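Let me begin by presenting the structure, written as structure tokens, before commenting on it.
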Amino acid sequence: MKADWRSKPFHLSRRSLWIAFLLAPAAVIMMTFVVWPLVSALQLSFFRFEGLKPGDFVWFENFYKVLFQSPFRDATYNAFWHNIVVFFALMVLENGVALLIAYALLKELPGHRLHQVIVFLPVVLSAVIVGFLWKLLLHPLFGVVNAALGLFGIMGPAWLGSEATALGSIVFANVWHWIGFPALVLLAGMQRISREVLEAARLDGAGDWTILTRIVWPLIAPSVTIVTVLTFIGSFNWFELPLLMADMEGSPGRSTDVLALYFYRTAFGSVTSGIQDFGQGSALAVLMFLFVGAVTFIALKFLRSRELEI
Amino acid sequence: MANIASTTTTHQATGPVSYKGEGFKNGAIQALLWLNAVIMLYPLFVMVMSSFKSNAEIFSSPLALPQSLNFANLEKVWSETNFLQYLGNSLLVTSASVALILVVGTMAAYAIARYEFRFSGLWLMFFLSGMTVPLKLAIIPLFLQLNALNLLNTYAGLILVYTAMGIPSAVFIMTGFLRALPKELEESARIDGANEFVIMWQVMLPLARPAMVIVAIQNAVPIWNDFFFPLILITSDSLKTLPQGLTVFMGEFVTDWGVLFTGLTLAALPITLLYILLSRQFIAGLTQGAIK
């Protein structure tokens with residue numbers, strides 16, 4: 001390469017120009033809209049803001065406020081707790097059920113292609129459509145859900161209006177929206193298991209439960225890793241559904257508040273948090289980024305080593 | 001994801017073996033799958049049916065079918081809302097972003113995949129590192145950056161942000177695909193005297209179409225559906241995208257449920273029809289990142 005470069009300078013400089021021309025547009029767009037914002041996100045969190053202009057450099061004041069100073073602290077931990085609850089609820093309700101659907105689809109009974117298309121259909125819809133649709137369906141008086149319960153003589157609750165059921169209702173809408181994704185990812189993992197292994201187990205008299213837990217589960221470990229990590233990241237970026245089905249304040253009574261909502265209120269202003277505060281907002285964003293990044297990193301290490309063991 | 005498509009044939013070759021009690025069990029599994037299908041489809045069915053109902057019908061008998069095919073709601077959406085404007089904006093923003101992602105992503109991937117040059121590995125790493133970054137969390141500096149560039153509240157600002165988000169995975173997919181193409185094609189074209197652009201445009205890229213379809217779908221669906229970035233970057237009603245417009249809509253017609261259901265139905269229609277036509281490509285494109 002090097003000899004070439006010296007012997008044919010003209011030819012190669014044209015070649016380098018061509019390569020530079022190919023790389024430049026993507027590089028410029030990435031630098032302007034990804035790299036620079038990310039670098040300055042950290043920097044902004046150390047400033048006190050007046051409107052859109054950074055004012056005094058205040059070291060860790062913004063971080064201190066959102067982590068240790070009332071009332072910000074209480075909002076932070078309340079929202080953080082809800083993100084944790086959402087993550088575990090989704091692991092069980094979404095990914096757990098998706099695993100069963102995937103195993104059912106693996107059997108390739110008649111119509112299995114149709115069922116794949118059906119279970120994945122809501123995945124292609126916008127969260128705005130899903131959120132508003134379920135908000136209407138869950139309406140206490142005129143919604144279809146309570147009308148259906150009424151047929152059985154059950155008085156359905158005000159799903160989104162009561163603190164006891166609001167977060168759960170939104171989680172349910174999220175499960176309906178996304179379940180096709182883990183189902184088909186896990187199915188693809190299962191389809192990579194050799195048919196002979198499954199047939200052999202079956203001939204040895206193993207039932208479905210044994211096959212699913214003893215053979216399929218260990219062999220789809222890589223897919224489980226990916227689904228778990230994506231669910232975790234998704235749970236901590238959860239924003240659209242709570243915003244649209246409840247509101248920006250995490251109503252009723254902060255029972256549906258999550259970190260992204262709190263971040264949005266802090267950064268861009270709302271009725272309760274008053275004017276926008278880019279400094280505190282940036283501090284929250286940096287903390288969320290560090291937390292999600294660190295947990296994802298550790299979880300990947302742990303889950304990958306588990307993949308090797310089994 | 002190719003395996004989802006291919007299994008049908010492989011399994012038919014092996015043939016399902018039946019065992020004692022298998023018939024009953026398969027029946028139960030079928031029943032559960034159909035129950036799941038009803039849960040997935042019934043809400044959408046209610047949405048479509050309600051769009052033909054009057055408010056009185058929706059409120060008095062939410063579960064019943066519409067008494068007649070009533071298009072009053074559709075007329076109202078047509079004449080009293082900016083639905084068409086929102087739809088047009090979404091089409092413009094989505095197609096421009098996907099086109100830009102394909103052009104600049106493929107260019108960069110082509111350089112990395114087909115030429116040897118110093119730091120090409122580093123360039124690839126640079127682009128790939130963008131895949132792990134949640135750009136939503138950098139929305140404050142992004143907002144300030146767009147403000148400084150006078151791109152807030154413009155189509156261009158939104159399109160460039162989506163492009164930046166789409167480039168990393170586009171480079172990843174296209175580099176992998178372009179690297180696998182045989183060197184001989186390129187060499188023989190070069191011997192025939194074709195210049196580098198002609199080789200790229202007429203020889204190599206036509207072969208990369210399947211990968212481009214994946215990249216297009218993988219980006220088009222989330223961009224078409226996105227609500228977060230317009231929420232923060234767009235304020236003029238005339239520039240709002242469809243998901244964002246729907247929220248305006250839901251605010252204006254709070255009590256007019258017939259219109260609300262019609263708006264939701266119309267918003268869901270284009271992508272649902274495309275999905276039904278291209279379900280295999282949609283599923284492959286959207287799960288591509290999670291299946292290796």
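Ordering of the structure tokens sets the chain letters (A, B, ...); residue numbers start at 1 within each chain; ligands are numbered from 1 in the order shown.
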
Shell around Ser120 of chain B at 12 Å using only C-alpha atoms, local window under 2 positions removed, as a short mmCIF file (atom, residue, chain, number, x, y, z; two decimals) with N, CA and C atoms, in the first residue's frame:
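Contents of the output file around06.cif:
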```
data_model
loop_
_atom_site.label_atom_id
_atom_site.label_comp_id
_atom_site.auth_asym_id
_atom_site.auth_seq_id
_atom_site.Cartn_x
_atom_site.Cartn_y
_atom_site.Cartn_z
N SER A 16 -8.09 9.03 -2.95
CA SER A 16 -8.43 9.46 -1.58
C SER A 16 -9.52 10.51 -1.59
N ILE A 19 -12.70 8.67 -1.87
CA ILE A 19 -13.07 8.04 -0.59
C ILE A 19 -13.57 9.10 0.40
N ALA A 20 -12.88 10.23 0.43
CA ALA A 20 -13.30 11.31 1.33
C ALA A 20 -14.69 11.80 0.97
N LEU A 23 -17.23 9.41 2.32
CA LEU A 23 -17.39 9.38 3.79
C LEU A 23 -17.94 10.69 4.34
N ALA B 108 -20.92 5.92 2.60
CA ALA B 108 -19.90 5.66 3.63
C ALA B 108 -19.58 4.18 3.71
N ALA B 109 -20.64 3.34 3.66
CA ALA B 109 -20.43 1.90 3.75
C ALA B 109 -19.63 1.41 2.55
N TYR B 110 -19.89 1.98 1.39
CA TYR B 110 -19.18 1.57 0.18
C TYR B 110 -17.69 1.86 0.30
N ALA B 111 -17.36 3.05 0.82
CA ALA B 111 -15.95 3.39 1.00
C ALA B 111 -15.29 2.40 1.95
N ILE B 112 -15.97 2.11 3.07
CA ILE B 112 -15.37 1.23 4.08
C ILE B 112 -15.27 -0.21 3.58
N ALA B 113 -16.30 -0.65 2.84
CA ALA B 113 -16.35 -2.05 2.44
C ALA B 113 -15.49 -2.36 1.22
N ARG B 114 -15.37 -1.43 0.28
CA ARG B 114 -14.76 -1.77 -1.00
C ARG B 114 -13.37 -1.19 -1.21
N TYR B 115 -12.89 -0.33 -0.34
CA TYR B 115 -11.55 0.22 -0.52
C TYR B 115 -10.71 -0.04 0.70
N GLU B 116 -9.40 -0.20 0.45
CA GLU B 116 -8.49 -0.29 1.59
C GLU B 116 -7.87 1.07 1.78
N PHE B 117 -8.03 1.65 2.95
CA PHE B 117 -7.36 2.91 3.24
C PHE B 117 -7.08 2.97 4.72
N ARG B 118 -6.15 3.88 5.07
CA ARG B 118 -5.77 3.96 6.47
C ARG B 118 -6.95 4.37 7.34
N LEU B 122 -11.27 2.37 11.91
CA LEU B 122 -11.70 3.39 12.86
C LEU B 122 -12.97 4.10 12.38
N TRP B 123 -13.04 4.34 11.07
CA TRP B 123 -14.25 4.96 10.52
C TRP B 123 -15.46 4.08 10.81
N LEU B 124 -15.30 2.79 10.59
CA LEU B 124 -16.42 1.88 10.84
C LEU B 124 -16.83 1.95 12.31
N MET B 125 -15.82 1.93 13.20
CA MET B 125 -16.11 2.02 14.63
C MET B 125 -16.84 3.30 14.97
N PHE B 126 -16.40 4.39 14.34
CA PHE B 126 -17.03 5.69 14.58
C PHE B 126 -18.53 5.62 14.24
N PHE B 127 -18.83 5.07 13.07
CA PHE B 127 -20.24 5.00 12.69
C PHE B 127 -21.02 4.03 13.58
N THR B 175 -22.36 -2.16 5.02
CA THR B 175 -20.96 -2.59 5.00
C THR B 175 -20.89 -4.11 4.97
#
```

*Name the residues of segment 68-234 of chain B that come out as alpha helix (DSSP H) in a backbone DSSP run; write them as a VMD selection string.*
chain B and resid 72 to 80 83 to 114 120 to 129 139 to 148 155 to 179 183 to 191 196 to 198 209 to 225 228 to 233

*asked:* Could you list, as a list in words, every residue within 12 Å of Leu287 of chain A, counting only C-alpha atoms and ignoring same-chain residues fewer than 6 positions away?
replied: Ala41, Leu42, Ser45, Phe60, Asn62, Phe63, Tyr64, Val66, Leu67, Thr76, Phe80, Phe236, Leu259, Ala260, Phe263, Gln280, Gly281, Gly293 and Ala294 of chain A; Leu137 and Ala138 of chain B

Set out as a Markdown table a contact list for segment 220-303 of chain A and segment 93-103 of chain A with a cut-off of 10 Å, giving each residue of segment 220-303 of chain A that qualifies its closest atom pair and distance in Å to one decimal, counting only C-alpha atoms, ordered by chain and rising residue number.
```
| residue | atom | partner | partner_atom | distance |
| --- | --- | --- | --- | --- |
| A:Val224 | CA | A:Asn95 | CA | 8.9 |
| A:Val227 | CA | A:Asn95 | CA | 7.7 |
| A:Thr228 | CA | A:Asn95 | CA | 8.2 |
| A:Thr231 | CA | A:Asn95 | CA | 8.6 |
```

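If only C-alpha atoms are the atoms counted, then among B:Gly23, B:Pro182, B:Gly105, B:Pro62 the closest residue to Gly150 of chain A is B:Pro62.
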
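For segment 161-164 of chain A, the non-local neighbours within 12 Å, defined as residues at least 4 positions apart in the same chain or in other chains and counting only C-alpha atoms, are Lys135, Leu138, His139, Pro140, Leu141, Gly156, Pro157, Gly168, Ser169, Ile170, Met245, Ala246, Asp247, Gly250, Ser251, Pro252, Gly253, Arg254, Ser255, Thr256 and Asp257 of chain A.
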
*Interface, chain A side, toward chain B (6 Å; only C-alpha atoms) as a PyMOL selection string*: chain A and resi 19+22-23+25-26+29-30+37-38+41+126+128-129+142+144+285

*Can you check which residues of segment 43-274 of chain A DSSP gives as strand (DSSP E or B) on the backbone and send them as a list in words?*
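Residues meeting the strand (DSSP E or B) criterion: Phe47, Arg48, Phe49, Glu50, Lys53, Pro54, Gly55, Asp56, Phe57, Ser270 and Gly274 of chain A.
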